[in-house]
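Source file work-v9.txt; content: compact mmCIF, C-alpha atoms and all ligand atoms.
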```
# COMPACT_ATOMS: atom_id res chain seq x y z
CA MET A 1 111.13 82.96 87.40
CA ILE A 2 108.05 83.05 89.63
CA TYR A 3 107.36 80.01 91.82
CA SER A 4 104.57 79.36 94.25
CA LYS A 5 105.30 78.35 97.80
CA ILE A 6 103.06 77.10 100.61
CA ILE A 7 103.55 79.58 103.45
CA GLY A 8 100.79 78.45 105.83
CA THR A 9 98.50 75.50 106.51
CA GLY A 10 95.36 75.00 108.59
CA SER A 11 92.75 72.35 109.18
CA TYR A 12 89.49 71.79 110.97
CA LEU A 13 87.50 68.74 112.04
CA PRO A 14 83.94 69.08 113.39
CA ALA A 15 83.57 68.38 117.11
CA LYS A 16 81.22 65.42 116.80
CA VAL A 17 83.15 62.13 116.60
CA LEU A 18 81.56 58.95 115.25
CA THR A 19 83.55 55.85 116.21
CA ASN A 20 83.47 52.42 114.64
CA TYR A 21 81.71 51.23 117.79
CA ASP A 22 78.98 53.85 117.19
CA LEU A 23 78.61 52.48 113.65
CA GLU A 24 78.18 48.94 114.97
CA LYS A 25 74.86 50.19 116.38
CA ILE A 26 73.73 51.58 113.00
CA VAL A 27 74.76 48.93 110.43
CA ASP A 28 75.93 45.30 110.38
CA THR A 29 79.65 46.01 110.77
CA SER A 30 82.42 45.77 113.37
CA HIS A 31 85.29 47.90 114.62
CA ASP A 32 87.70 45.10 113.68
CA TRP A 33 86.38 44.82 110.11
CA ILE A 34 86.62 48.58 109.51
CA VAL A 35 90.13 48.84 110.99
CA SER A 36 91.49 45.79 109.18
CA ARG A 37 89.98 46.73 105.77
CA SER A 38 90.49 50.51 105.86
CA GLY A 39 92.57 51.62 108.87
CA ILE A 40 89.76 53.97 109.94
CA VAL A 41 89.02 54.25 113.68
CA GLU A 42 86.78 57.32 113.78
CA ARG A 43 85.39 60.10 111.64
CA HIS A 44 84.01 63.57 112.38
CA ILE A 45 80.48 64.65 111.51
CA ALA A 46 79.43 68.26 110.89
CA ALA A 47 76.75 69.72 113.16
CA ASP A 48 73.33 70.24 111.57
CA ASP A 49 73.97 73.95 111.15
CA GLU A 50 77.56 73.56 109.87
CA LEU A 51 78.10 73.98 106.12
CA THR A 52 81.10 73.12 103.99
CA SER A 53 81.98 76.85 103.88
CA ASP A 54 81.96 76.95 107.71
CA LEU A 55 84.49 74.10 107.88
CA ALA A 56 86.50 75.82 105.15
CA LEU A 57 86.36 79.09 107.10
CA GLN A 58 87.85 77.53 110.23
CA ALA A 59 90.67 75.85 108.30
CA SER A 60 91.33 79.01 106.26
CA ARG A 61 91.60 81.24 109.34
CA LYS A 62 94.26 78.91 110.75
CA ALA A 63 96.18 78.86 107.44
CA ILE A 64 96.01 82.66 107.20
CA ALA A 65 97.31 83.00 110.78
CA ALA A 66 100.10 80.48 110.14
CA ALA A 67 101.12 82.36 106.99
CA GLY A 68 101.15 85.65 108.91
CA ILE A 69 99.18 87.47 106.23
CA SER A 70 96.01 89.52 106.22
CA ALA A 71 92.97 87.97 104.50
CA ASP A 72 92.87 91.03 102.24
CA GLU A 73 96.13 89.93 100.60
CA ILE A 74 94.35 86.89 99.15
CA ASP A 75 93.67 87.50 95.46
CA LEU A 76 92.54 83.98 94.51
CA VAL A 77 90.23 81.58 96.38
CA ILE A 78 89.83 78.00 95.21
CA VAL A 79 87.73 75.46 97.10
CA ALA A 80 87.92 71.81 96.11
CA THR A 81 84.66 70.18 97.16
CA THR A 82 82.11 67.60 96.13
CA SER A 83 79.68 68.68 98.85
CA PRO A 84 79.14 72.41 98.21
CA ASP A 85 76.86 74.50 100.45
CA GLN A 86 74.31 74.87 97.66
CA LEU A 87 73.95 74.46 93.88
CA PHE A 88 75.29 77.97 93.44
CA PRO A 89 76.98 80.34 94.21
CA SER A 90 80.21 78.41 94.64
CA THR A 91 81.47 77.58 98.12
CA ALA A 92 84.58 79.64 97.24
CA CYS A 93 82.46 82.81 96.75
CA ILE A 94 80.68 82.14 100.06
CA LEU A 95 84.03 81.56 101.80
CA GLN A 96 85.50 84.75 100.30
CA ASP A 97 82.59 86.68 101.82
CA LYS A 98 82.78 84.92 105.21
CA LEU A 99 86.48 85.75 105.41
CA GLY A 100 85.68 89.39 104.57
CA ILE A 101 88.25 89.43 101.77
CA LYS A 102 88.06 92.84 100.14
CA SER A 103 90.14 92.10 97.03
CA ARG A 104 87.99 91.07 94.09
CA GLY A 105 90.23 88.36 92.65
CA PRO A 106 88.65 85.19 91.27
CA ALA A 107 86.94 82.66 93.54
CA PHE A 108 85.68 79.32 92.28
CA ASP A 109 85.15 75.67 93.20
CA ILE A 110 86.87 72.67 91.70
CA GLN A 111 84.94 69.43 91.44
CA ALA A 112 87.31 66.50 91.11
CA VAL A 113 86.03 64.51 94.10
CA CYS A 114 88.96 63.01 96.08
CA GLY A 115 91.37 64.32 93.42
CA GLY A 116 90.11 67.85 94.12
CA PHE A 117 92.93 69.23 96.28
CA VAL A 118 95.63 68.14 93.84
CA TYR A 119 93.66 69.76 90.99
CA ALA A 120 93.12 72.94 93.02
CA LEU A 121 96.76 73.26 94.07
CA ASN A 122 97.89 72.81 90.47
CA THR A 123 95.40 75.45 89.29
CA ALA A 124 96.52 77.97 91.90
CA ASP A 125 100.16 77.26 90.98
CA MET A 126 99.35 78.09 87.33
CA TYR A 127 97.70 81.38 88.34
CA ILE A 128 100.72 82.37 90.39
CA LYS A 129 103.33 81.26 87.85
CA GLY A 130 101.35 83.08 85.14
CA GLY A 131 101.40 86.30 87.18
CA GLN A 132 97.62 86.40 87.61
CA ALA A 133 97.68 85.96 91.39
CA LYS A 134 100.17 86.56 94.20
CA THR A 135 98.52 85.01 97.24
CA ALA A 136 96.10 82.11 96.84
CA LEU A 137 93.91 80.39 99.40
CA VAL A 138 93.47 76.76 98.38
CA VAL A 139 90.99 74.72 100.40
CA GLY A 140 89.68 71.17 100.42
CA ALA A 141 86.42 71.00 102.40
CA GLU A 142 83.68 68.41 102.60
CA VAL A 143 80.50 67.52 104.45
CA LEU A 144 80.19 64.07 102.94
CA SER A 145 78.09 62.75 105.84
CA ARG A 146 75.01 64.29 104.17
CA MET A 147 75.63 62.29 100.98
CA LEU A 148 75.86 58.92 102.74
CA ASP A 149 73.20 56.25 102.87
CA TRP A 150 73.49 55.33 106.56
CA SER A 151 72.02 51.89 105.83
CA ASP A 152 74.76 51.04 103.28
CA ARG A 153 77.66 49.52 105.21
CA THR A 154 79.88 49.44 102.11
CA THR A 155 80.10 53.25 102.10
CA CYS A 156 78.90 54.82 105.36
CA VAL A 157 81.80 53.44 107.43
CA LEU A 158 84.43 54.97 105.14
CA PHE A 159 83.75 58.69 104.81
CA GLY A 160 83.83 61.74 107.09
CA ASP A 161 83.69 65.54 107.21
CA GLY A 162 86.55 68.02 107.50
CA ALA A 163 88.53 70.81 105.88
CA GLY A 164 92.14 71.74 105.21
CA ALA A 165 93.63 74.87 103.71
CA VAL A 166 96.93 76.22 102.45
CA ILE A 167 98.16 79.69 101.54
CA LEU A 168 100.19 79.65 98.36
CA SER A 169 102.36 82.70 97.73
CA ALA A 170 104.45 83.95 94.82
CA SER A 171 108.14 83.40 95.58
CA ASP A 172 111.49 83.57 93.83
CA LYS A 173 112.33 80.10 95.18
CA PRO A 174 110.52 76.78 94.60
CA GLY A 175 107.93 75.92 95.71
CA ILE A 176 105.78 73.67 93.74
CA ALA A 177 108.25 71.83 91.57
CA ALA A 178 106.04 69.73 89.30
CA SER A 179 102.46 68.51 88.89
CA LYS A 180 100.77 65.77 86.85
CA LEU A 181 97.01 65.50 86.54
CA HIS A 182 94.87 62.95 84.73
CA ALA A 183 91.22 62.04 84.26
CA ASP A 184 89.32 59.20 82.64
CA GLY A 185 85.56 59.65 82.58
CA SER A 186 84.98 56.15 81.21
CA HIS A 187 85.33 54.83 84.78
CA ARG A 188 82.69 57.17 86.16
CA ASP A 189 80.35 54.39 87.30
CA MET A 190 82.86 52.92 89.81
CA LEU A 191 82.26 55.80 92.25
CA LYS A 192 79.37 58.20 91.91
CA ALA A 193 76.43 60.11 93.37
CA GLU A 194 74.06 60.34 90.44
CA GLY A 195 71.21 62.42 91.80
CA ASN A 196 70.30 65.80 90.39
CA ILE A 197 67.63 68.43 90.88
CA ARG A 198 64.69 68.39 88.49
CA ASN A 199 61.52 70.42 88.90
CA GLY A 200 62.46 71.21 92.49
CA GLU A 201 62.98 67.59 93.51
CA VAL A 202 65.89 65.19 93.74
CA ASP A 203 65.98 63.13 90.56
CA GLY A 204 67.97 59.88 90.86
CA ASP A 205 70.00 58.43 93.73
CA PRO A 206 71.85 61.22 95.58
CA PHE A 207 73.90 58.89 97.80
CA ILE A 208 77.51 57.84 97.28
CA LYS A 209 77.74 54.47 95.52
CA MET A 210 81.04 52.68 95.10
CA ASP A 211 82.46 49.46 93.70
CA GLY A 212 85.07 49.29 96.46
CA GLN A 213 87.25 46.52 95.08
CA ALA A 214 87.40 48.04 91.59
CA VAL A 215 88.28 51.45 93.04
CA PHE A 216 90.96 49.85 95.21
CA LYS A 217 92.76 48.19 92.27
CA PHE A 218 92.40 51.22 90.02
CA ALA A 219 93.68 53.55 92.77
CA VAL A 220 96.87 51.60 93.50
CA LYS A 221 97.72 51.36 89.79
CA VAL A 222 97.12 54.98 88.75
CA LEU A 223 98.67 56.45 91.89
CA SER A 224 101.90 54.51 91.51
CA ASP A 225 101.94 55.26 87.75
CA VAL A 226 101.47 59.02 88.21
CA VAL A 227 104.15 59.17 90.91
CA ASP A 228 106.57 57.27 88.62
CA GLU A 229 105.70 59.68 85.80
CA LEU A 230 106.40 62.71 87.97
CA LEU A 231 109.63 61.37 89.44
CA GLU A 232 110.90 60.32 86.02
CA GLU A 233 110.23 63.78 84.63
CA LYS A 234 112.23 65.31 87.49
CA GLY A 235 114.97 62.67 87.29
CA MET A 236 114.34 61.72 90.91
CA SER A 237 113.95 58.42 92.73
CA GLY A 238 111.45 57.53 95.45
CA SER A 239 114.24 57.61 98.04
CA GLU A 240 114.64 61.37 97.53
CA ILE A 241 111.11 61.98 98.80
CA ASN A 242 111.16 63.03 102.45
CA TRP A 243 107.40 62.74 102.96
CA LEU A 244 104.60 61.26 100.91
CA VAL A 245 101.29 62.89 101.86
CA PRO A 246 98.72 60.70 100.12
CA HIS A 247 94.97 61.04 99.86
CA GLN A 248 93.69 59.42 103.05
CA ALA A 249 91.08 56.89 101.87
CA ASN A 250 92.35 53.53 103.02
CA ILE A 251 95.57 52.50 104.80
CA ARG A 252 95.85 49.47 102.51
CA ILE A 253 95.81 51.66 99.38
CA ILE A 254 98.44 53.91 101.00
CA GLU A 255 100.65 50.93 101.93
CA ALA A 256 100.32 49.26 98.52
CA THR A 257 101.12 52.49 96.67
CA SER A 258 104.11 53.29 98.89
CA LYS A 259 105.48 49.80 98.32
CA LYS A 260 105.10 50.13 94.55
CA ILE A 261 107.00 53.44 94.49
CA GLY A 262 109.68 52.07 96.82
CA LEU A 263 109.01 54.31 99.79
CA SER A 264 109.10 53.15 103.42
CA MET A 265 105.95 53.75 105.49
CA ASP A 266 108.28 55.69 107.83
CA ASN A 267 108.17 58.44 105.18
CA VAL A 268 104.41 58.49 104.75
CA ILE A 269 102.00 60.80 106.60
CA VAL A 270 98.94 58.81 107.67
CA THR A 271 95.94 60.43 109.38
CA VAL A 272 93.12 58.30 107.95
CA ALA A 273 92.48 56.60 111.31
CA ASN A 274 91.30 59.89 112.83
CA HIS A 275 89.02 61.22 110.11
CA GLY A 276 88.30 58.54 107.49
CA ASN A 277 88.02 59.52 103.84
CA THR A 278 87.29 63.25 103.75
CA SER A 279 87.69 63.41 99.96
CA ALA A 280 89.22 66.74 98.85
CA ALA A 281 89.98 67.68 102.48
CA SER A 282 92.16 64.70 103.28
CA ILE A 283 95.51 65.87 101.87
CA PRO A 284 95.46 69.36 103.42
CA LEU A 285 94.32 67.79 106.71
CA ALA A 286 97.30 65.42 106.65
CA LEU A 287 99.69 68.16 105.49
CA ASP A 288 98.64 70.47 108.32
CA THR A 289 99.07 67.70 110.88
CA ALA A 290 102.63 66.98 109.73
CA VAL A 291 103.57 70.66 109.47
CA ARG A 292 102.29 71.41 112.96
CA ASP A 293 103.93 68.36 114.58
CA GLY A 294 107.26 69.29 112.94
CA ARG A 295 107.73 66.32 110.64
CA ILE A 296 107.55 68.50 107.52
CA GLN A 297 110.48 70.93 107.50
CA ALA A 298 111.79 73.63 105.17
CA GLY A 299 113.86 72.28 102.28
CA GLN A 300 112.26 68.82 102.23
CA ASN A 301 110.76 67.14 99.17
CA ILE A 302 107.06 66.53 99.75
CA LEU A 303 104.96 64.48 97.36
CA ILE A 304 101.18 64.56 97.43
CA GLU A 305 98.96 62.25 95.42
CA ALA A 306 95.25 61.53 95.12
CA VAL A 307 92.63 59.66 93.12
CA GLY A 308 88.89 60.10 93.12
CA GLY A 309 85.60 59.81 91.33
CA GLY A 310 85.56 60.86 87.75
CA PHE A 311 88.00 59.24 87.68
CA THR A 312 90.53 61.96 88.40
CA TRP A 313 94.03 61.51 89.75
CA GLY A 314 97.29 63.35 90.07
CA ALA A 315 100.43 64.15 92.04
CA VAL A 316 102.29 67.31 93.01
CA LEU A 317 105.94 67.55 94.06
CA ILE A 318 106.70 70.36 96.50
CA LYS A 319 110.02 71.71 97.76
CA TRP A 320 108.90 72.83 101.21
O1 LIG A 401 88.92 58.08 97.60
C1 LIG A 401 88.63 57.04 96.73
C2 LIG A 401 87.37 56.45 97.23
N1 LIG A 401 87.30 55.15 97.71
C3 LIG A 401 88.27 54.30 98.12
O2 LIG A 401 89.43 54.55 98.11
C4 LIG A 401 87.81 52.96 98.58
C5 LIG A 401 88.50 51.83 97.84
N2 LIG A 401 88.11 50.54 98.31
C6 LIG A 401 88.32 50.11 99.57
O3 LIG A 401 88.85 50.84 100.37
C7 LIG A 401 87.95 48.69 99.93
O4 LIG A 401 87.59 47.99 98.76
C8 LIG A 401 86.79 48.63 100.95
C9 LIG A 401 87.26 49.13 102.30
C10 LIG A 401 85.61 49.46 100.45
C11 LIG A 401 86.32 47.18 101.14
O5 LIG A 401 87.40 46.33 101.45
P1 LIG A 401 87.57 44.96 100.70
O6 LIG A 401 88.72 44.27 101.33
O7 LIG A 401 87.68 45.26 99.23
O8 LIG A 401 86.25 44.19 101.06
P2 LIG A 401 85.17 43.58 100.07
O9 LIG A 401 84.42 44.65 99.38
O10 LIG A 401 85.81 42.52 99.27
O11 LIG A 401 84.19 42.90 101.12
C12 LIG A 401 84.60 41.76 101.88
C13 LIG A 401 83.41 41.30 102.70
C14 LIG A 401 82.13 41.10 101.88
O12 LIG A 401 81.47 39.98 102.41
P3 LIG A 401 81.58 38.54 101.68
O13 LIG A 401 81.06 38.77 100.30
O14 LIG A 401 83.04 38.20 101.70
O15 LIG A 401 80.73 37.68 102.53
C15 LIG A 401 81.33 42.33 102.19
O16 LIG A 401 79.95 42.14 102.08
O17 LIG A 401 83.10 42.28 103.70
C16 LIG A 401 81.70 42.60 103.63
N3 LIG A 401 81.55 44.00 104.02
C17 LIG A 401 81.49 44.38 105.30
N4 LIG A 401 81.55 43.69 106.45
C18 LIG A 401 81.49 44.39 107.60
C19 LIG A 401 81.44 45.08 103.23
N5 LIG A 401 81.34 46.19 103.98
C20 LIG A 401 81.35 45.78 105.28
C21 LIG A 401 81.28 46.45 106.51
N6 LIG A 401 81.36 45.72 107.63
N7 LIG A 401 81.18 47.79 106.59
```

Please rewrite the model in this file as structure tokens.
Amino acid sequence: MIYSKIIGTGSYLPAKVLTNYDLEKIVDTSHDWIVSRSGIVERHIAADDELTSDLALQASRKAIAAAGISADEIDLVIVATTSPDQLFPSTACILQDKLGIKSRGPAFDIQAVCGGFVYALNTADMYIKGGQAKTALVVGAEVLSRMLDWSDRTTCVLFGDGAGAVILSASDKPGIAASKLHADGSHRDMLKAEGNIRNGEVDGDPFIKMDGQAVFKFAVKVLSDVVDELLEEKGMSGSEINWLVPHQANIRIIEATSKKIGLSMDNVIVTVANHGNTSAASIPLALDTAVRDGRIQAGQNILIEAVGGGFTWGAVLIKW
């Protein structure tokens, strides 16, 4: 039996930090409101000349170094992003080139908004289990700051830029133990950026629009449901999870979901304060933090879960 195992992680946050106090000068908001409603203290903003692939490159180099492999061993590149460098080619193809990867395995983007990393990890797992890849680079990378309306306080205080990456390798031991993914496009209006390109111009509103309260309720319900579904399938209880690494959108969503699945916050990795909602990048950012600070250890049960525009949602159980 072939399994896929995460053998290295890396992450990158742009140097420029935007605090809640900085935002007080831009929109009618306050540090206290943002912290109490979302848990976010600061976010990072890409430099003008930094692209999503540049953030992905930095995170990938760290993951490759941590895995102790050469970039040429990578035979699959998947980038989960909602803020690609350009309409095409994919950010994954651009990243493959920037890393100088000589193998000509597949490289493609996954667009599942904040659910993107969970989708990408599951896809890479399928490639490896199916024998079509041996060493996959799976990245979540976003420059969301360019999709924000900086006069809309209901969105601009919540999001940030960043990237996280993992190297997934074929192994005879688990590994990724189980995954569950879902989508329901009928809820697509709750969170969207509708704009498109027509005749060389932006057609429609390109900025992120969100019905925050509706997303909040939906998120807590589907995240706890999908975790229950996964645990039931594996015959496990919440208490057997060593670390929950949730999508980092809002501390209140994380707390409510953890409570519903019966997990203490002592077993939850939380990094949202330092980078806000970085969409597809948030889980690999949090994973890398907890791997590097030693909380995540070999043999532990790690559960990741995410929900995002689409709507898409899912969870992956990993034996580290
Ligand atoms: O990855 C998935 C993507 N998104 C999410 O996970 C976000 C999900 N939703 C949320 O995180 C929360 O709903 C928010 C953080 C967006 C908002 O928190 P809330 O507790 O649901 O607040 P609310 O929308 O009910 O707004 C409460 C009040 C309103 O004023 P009134 O009507 O009570 O007078 C808002 O106008 O807060 C006001 N408000 C703000 N005040 C200061 C909204 N945004 C701000 C702001 N600063 N930035």

CA of Ser60 (chain A) and CA of Lys5 (chain A) are how many Å apart?
->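 Computed distance, CA of Ser60 (chain A) to CA of Lys5 (chain A), equals 16.3 Å.
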
Pick out the residues no farther than 7 Å from ligand LIG 401 (chain A), counting only C-alpha atoms and all ligand atoms, and list them as an NGL selection string.
-> :A and (28-30 or 33-34 or 37-38 or 114 or 153-155 or 157 or 212-213 or 215-216 or 219 or 249-250 or 277 or 279 or 307-309)

Length of the CA of Phe218 (chain A) to CA of Ile253 (chain A) vector [Å] | 10.0 Å

Do you know which residues are at most 6 Å from His182 (chain A) counting only C-alpha atoms, after dropping those on the same chain fewer than 5 positions away, and could you put them as a list in words?
->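 The residues satisfying every condition are Thr312, Trp313 and Gly314 of chain A.
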
Option closest in space to Leu230 (chain A), from A:Glu305, A:Asp97, A:Glu24, A:Asp75 [counting only C-alpha atoms] | A:Glu305

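Of the listed residues (A:Asn122, A:Asn267, A:Thr135, A:Ser282), A:Thr135 comes nearest to Gly105 (chain A); the distances count all atoms listed in the file.
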
Who sits within 10 Å of Ala170 (chain A), only C-alpha atoms, same chain under 2 positions skipped, as a ChimeraX atom specification | /A:2-7,125,127-129,131,133-136,168,172-175

Neighbours of Gln300 (chain A) within 7 Å (only C-alpha atoms; same-chain residues fewer than 2 positions away dropped), as a PyMOL selection string?
-> chain A and resi 242+297-298+302+319-320

Given 5 Å of margin on each side, can you work out the centre and size in Å (one decimal) of an axis-aligned box holding every listed atom of region 38-45 of chain A, as lines of an AutoDock Vina configuration file?
```
center_x = 86.5
center_y = 57.6
center_z = 109.8
size_x = 22.1
size_y = 24.1
size_z = 17.9
```

If we count only C-alpha atoms, what is near Gln58 (chain A) at a cut-off of 12 Å, once residues fewer than 2 positions away on the same chain are taken out, given as a PDB file with C-alpha atoms, keeping the file's coordinate frame?
```pdb
ATOM      1  CA  THR A   9      98.500  75.500 106.510  1.00  0.00           C
ATOM      2  CA  GLY A  10      95.360  75.000 108.590  1.00  0.00           C
ATOM      3  CA  SER A  11      92.750  72.350 109.180  1.00  0.00           C
ATOM      4  CA  TYR A  12      89.490  71.790 110.970  1.00  0.00           C
ATOM      5  CA  LEU A  13      87.500  68.740 112.040  1.00  0.00           C
ATOM      6  CA  PRO A  14      83.940  69.080 113.390  1.00  0.00           C
ATOM      7  CA  GLU A  50      77.560  73.560 109.870  1.00  0.00           C
ATOM      8  CA  LEU A  51      78.100  73.980 106.120  1.00  0.00           C
ATOM      9  CA  THR A  52      81.100  73.120 103.990  1.00  0.00           C
ATOM     10  CA  SER A  53      81.980  76.850 103.880  1.00  0.00           C
ATOM     11  CA  ASP A  54      81.960  76.950 107.710  1.00  0.00           C
ATOM     12  CA  LEU A  55      84.490  74.100 107.880  1.00  0.00           C
ATOM     13  CA  ALA A  56      86.500  75.820 105.150  1.00  0.00           C
ATOM     14  CA  SER A  60      91.330  79.010 106.260  1.00  0.00           C
ATOM     15  CA  ARG A  61      91.600  81.240 109.340  1.00  0.00           C
ATOM     16  CA  LYS A  62      94.260  78.910 110.750  1.00  0.00           C
ATOM     17  CA  ALA A  63      96.180  78.860 107.440  1.00  0.00           C
ATOM     18  CA  ILE A  64      96.010  82.660 107.200  1.00  0.00           C
ATOM     19  CA  ALA A  65      97.310  83.000 110.780  1.00  0.00           C
ATOM     20  CA  LEU A  95      84.030  81.560 101.800  1.00  0.00           C
ATOM     21  CA  LYS A  98      82.780  84.920 105.210  1.00  0.00           C
ATOM     22  CA  LEU A  99      86.480  85.750 105.410  1.00  0.00           C
ATOM     23  CA  VAL A 139      90.990  74.720 100.400  1.00  0.00           C
ATOM     24  CA  GLY A 140      89.680  71.170 100.420  1.00  0.00           C
ATOM     25  CA  ALA A 141      86.420  71.000 102.400  1.00  0.00           C
ATOM     26  CA  GLY A 162      86.550  68.020 107.500  1.00  0.00           C
ATOM     27  CA  ALA A 163      88.530  70.810 105.880  1.00  0.00           C
ATOM     28  CA  GLY A 164      92.140  71.740 105.210  1.00  0.00           C
ATOM     29  CA  ALA A 165      93.630  74.870 103.710  1.00  0.00           C
TER      30      ALA A 165
END
```

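Our summary of the geometry notes that CA of Leu191 (chain A) is positioned 26.5 Å from CA of Leu317 (chain A).
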